[in-house]
Amino acid sequence: MEALTILANSLPDNRSMSDPLVSLAEIRAAAARIAGIAVKTPLIRAPFPGVAGRGTGKEIWLKAESLQPIGAFKIRGAANKILQLSPAEIARGVITYSSGNHAQGVAYAAREVGAKAVIVMPANAPAIKRAATLALGAEIVDVGPASSERLAVAEQLVREHGYVVIPPYDDEQIIAGQGTCGLEVMEALPEVDLVLSPVSGGGLLSGVAAAVKQLRPSARVFGVEPELAGDTAESFRTGHIVTWPAELTSRTIADGLRTQSVGERNFAHLRAYVDGILTVSEAEIRAAMRAIVSTTRLVAEPSGAVSTAALLFHAAELPPYRKAVAVVSGGNVAPELLAEVLTETA
């Protein structure tokens, strides 16, 4: 009940749980609002051998969210939410629960407005993301690996200290902020046929799909997640939200996609705008990381490589296309893991 109360309190005055979909106007307003914090990231051509480029009739472009100031797309939603707080709310401080990239987004945006940031983070979060969050001035509270535990601890701290919650995904202002990524895709490549985005809690895919479909209804939008954390694919297939236990979702190398279930508002967007959800194997994720580096010189963390993995290895499950965009959602990968992936035998 407490979680629902916190989420309901984040709704704008004219918004209700029965009307959870963000509008194109809200996404455009978010783009203007966050322009001084997030950057417009480029689309980078990726002529993967045998898949795209000369002779194939196909073009693949990567949306390089790894080039954001925090190395990931999460700065978009966090900034859109935090920049709408009142001076009194800023004085209370903000709190979120995150395994890494959203933590950095909240810490970065909070620092911009002078708010204290508290992050409830799983103890198994990558060290590189933990260090970056601390460097941005945030306070970290360690918990176990379950996303449900992170939420419970955050709620307790809200009751004790009055912090303002900045949800990682199940929030209209977060979704609208992430939707600016899709808006930029459409501005740069209005004739795009196919857009693929990573999905876990669903904030990025919700926003991207909402922007793309409202501007180009004929475009197809797919979400991609690891097989080992395939709760959203199961939810999409069955028509209702399912939850996977933390011991299952924690198995994937894609640490940013270990959320145990998709958010309610996010699932409403997925059902309205998304054409399908694909899952990819751990080997395919690692191969996609190598392909991205060798073809574009971009660095993708495992979570950021899943969309490319779907294009490279699951073409038979995708509709025909001429121009496709895969969102590289982040590049915050530990150097030792990147070295391991790049030097291993395919």
# chains A, B, ... in the order shown; residues from 1 in each chain; ligands from 1
>>> residues_around(residues="Ala188 in chain A", least_positions_apart="6", cutoff="10 Å", atoms="only C-alpha atoms", output="mmCIF file with N, CA and C atoms, in the first residue's frame")
data_model
loop_
_atom_site.group_PDB
_atom_site.id
_atom_site.type_symbol
_atom_site.label_atom_id
_atom_site.label_comp_id
_atom_site.auth_asym_id
_atom_site.auth_seq_id
_atom_site.Cartn_x
_atom_site.Cartn_y
_atom_site.Cartn_z
ATOM 1 N N PRO A 42 24.008 11.212 -30.547
ATOM 2 C CA PRO A 42 23.933 10.968 -31.980
ATOM 3 C C PRO A 42 23.426 9.581 -32.341
ATOM 4 N N LEU A 43 22.948 9.466 -33.581
ATOM 5 C CA LEU A 43 22.748 8.167 -34.207
ATOM 6 C C LEU A 43 24.017 7.845 -34.975
ATOM 7 N N GLY A 182 13.494 8.725 -27.709
ATOM 8 C CA GLY A 182 12.741 8.378 -28.905
ATOM 9 C C GLY A 182 12.446 9.581 -29.772
#
>>> closest_atom_pairs(of="range 273-294 of chain A", to="range 189-212 of chain A", cutoff="10 Å", atoms="only C-alpha atoms", output="tab-separated table")
residue	atom	partner	partner_atom	distance
A:Tyr273	CA	A:Ala209	CA	5.7
A:Val274	CA	A:Ala209	CA	6.2
A:Asp275	CA	A:Ala209	CA	9.3
A:Gly276	CA	A:Leu196	CA	9.7
A:Ile277	CA	A:Val199	CA	8.5
A:Leu278	CA	A:Pro198	CA	9.6
A:Thr279	CA	A:Pro198	CA	9.8
>>> write_last_selection(atoms="N, CA and C atoms", output="mmCIF file, in the first residue's frame")
data_model
loop_
_atom_site.group_PDB
_atom_site.id
_atom_site.type_symbol
_atom_site.label_atom_id
_atom_site.label_comp_id
_atom_site.auth_asym_id
_atom_site.auth_seq_id
_atom_site.Cartn_x
_atom_site.Cartn_y
_atom_site.Cartn_z
ATOM 1 N N TYR A 273 1.783 0.566 -27.243
ATOM 2 C CA TYR A 273 2.686 1.021 -28.307
ATOM 3 C C TYR A 273 3.718 -0.005 -28.785
ATOM 4 N N VAL A 274 3.960 -1.069 -28.044
ATOM 5 C CA VAL A 274 5.068 -1.977 -28.366
ATOM 6 C C VAL A 274 4.563 -3.180 -29.161
ATOM 7 N N ASP A 275 5.335 -3.572 -30.181
ATOM 8 C CA ASP A 275 4.930 -4.662 -31.068
ATOM 9 C C ASP A 275 5.395 -6.032 -30.592
ATOM 10 N N GLY A 276 6.400 -6.083 -29.735
ATOM 11 C CA GLY A 276 6.874 -7.372 -29.248
ATOM 12 C C GLY A 276 8.065 -7.219 -28.331
ATOM 13 N N ILE A 277 8.337 -8.275 -27.577
ATOM 14 C CA ILE A 277 9.494 -8.325 -26.681
ATOM 15 C C ILE A 277 10.316 -9.556 -27.041
ATOM 16 N N LEU A 278 11.591 -9.378 -27.294
ATOM 17 C CA LEU A 278 12.498 -10.480 -27.593
ATOM 18 C C LEU A 278 13.456 -10.700 -26.422
ATOM 19 N N THR A 279 13.945 -11.919 -26.306
ATOM 20 C CA THR A 279 14.975 -12.209 -25.318
ATOM 21 C C THR A 279 16.235 -12.701 -26.018
#
>>> closest_residue(among="A:Thr343, A:Glu65, A:Val153, A:Val165", to="Glu89 in chain A", atoms="only C-alpha atoms")
A:Val165
>>> closest_residue(among="A:Arg111, A:Lys40, A:Arg258, A:Arg216", to="Ser99 in chain A", atoms="only C-alpha atoms")
A:Arg258
>>> closest_residue(among="A:Gly77, A:Gly71, A:Pro47, A:Gly304", to="Thr180 in chain A", atoms="only C-alpha atoms")
A:Gly77
>>> atom_distance(atom1="CA of Thr249 in chain A", atom2="CA of Ala229 in chain A")
4.4 Å
>>> select_by_dssp(residues="range 83-237 of chain A", states="strand (DSSP E)", output="list of chain:residue names")
A:Val94, A:Ile95, A:Thr96, A:Tyr97, A:Ala117, A:Val118, A:Ile119, A:Val120, A:Met121, A:Pro122, A:Glu139, A:Ile140, A:Val141, A:Asp142, A:Val143, A:Val164, A:Val165, A:Leu194, A:Val195, A:Leu196, A:Ser197, A:Pro198, A:Arg220, A:Val221, A:Phe222, A:Gly223, A:Val224, A:Glu225, A:Pro226
>>> write_last_selection(atoms="C-alpha atoms", output="PDB file, in the first residue's frame")
ATOM      1  CA  VAL A  94      15.510  13.021  -2.884  1.00  0.00           C
ATOM      2  CA  ILE A  95      15.777   9.267  -2.686  1.00  0.00           C
ATOM      3  CA  THR A  96      15.700   6.430  -5.182  1.00  0.00           C
ATOM      4  CA  TYR A  97      16.432   2.718  -5.427  1.00  0.00           C
ATOM      5  CA  ALA A 117      20.475  12.507  -2.882  1.00  0.00           C
ATOM      6  CA  VAL A 118      20.122   9.166  -1.104  1.00  0.00           C
ATOM      7  CA  ILE A 119      20.445   5.969  -3.132  1.00  0.00           C
ATOM      8  CA  VAL A 120      19.293   2.546  -1.954  1.00  0.00           C
ATOM      9  CA  MET A 121      21.571   0.214  -3.913  1.00  0.00           C
ATOM     10  CA  PRO A 122      22.085  -3.568  -3.974  1.00  0.00           C
ATOM     11  CA  GLU A 139      24.713   8.881  -0.022  1.00  0.00           C
ATOM     12  CA  ILE A 140      24.410   5.114  -0.614  1.00  0.00           C
ATOM     13  CA  VAL A 141      22.402   2.699   1.535  1.00  0.00           C
ATOM     14  CA  ASP A 142      23.275  -0.953   0.834  1.00  0.00           C
ATOM     15  CA  VAL A 143      20.634  -3.702   0.658  1.00  0.00           C
ATOM     16  CA  VAL A 164      11.006  12.909  -2.156  1.00  0.00           C
ATOM     17  CA  VAL A 165      10.964   9.646  -4.128  1.00  0.00           C
ATOM     18  CA  LEU A 194      12.157  -0.435 -36.647  1.00  0.00           C
ATOM     19  CA  VAL A 195      13.287   0.717 -33.199  1.00  0.00           C
ATOM     20  CA  LEU A 196      14.626  -1.617 -30.512  1.00  0.00           C
ATOM     21  CA  SER A 197      15.162  -0.698 -26.868  1.00  0.00           C
ATOM     22  CA  PRO A 198      16.325  -2.592 -23.793  1.00  0.00           C
ATOM     23  CA  ARG A 220       7.600  -1.124 -35.326  1.00  0.00           C
ATOM     24  CA  VAL A 221       8.956  -0.967 -31.775  1.00  0.00           C
ATOM     25  CA  PHE A 222      10.412  -3.956 -29.922  1.00  0.00           C
ATOM     26  CA  GLY A 223      11.784  -4.378 -26.432  1.00  0.00           C
ATOM     27  CA  VAL A 224      14.727  -6.672 -25.709  1.00  0.00           C
ATOM     28  CA  GLU A 225      15.834  -8.288 -22.448  1.00  0.00           C
ATOM     29  CA  PRO A 226      18.064 -11.174 -21.367  1.00  0.00           C
TER      30      PRO A 226
END
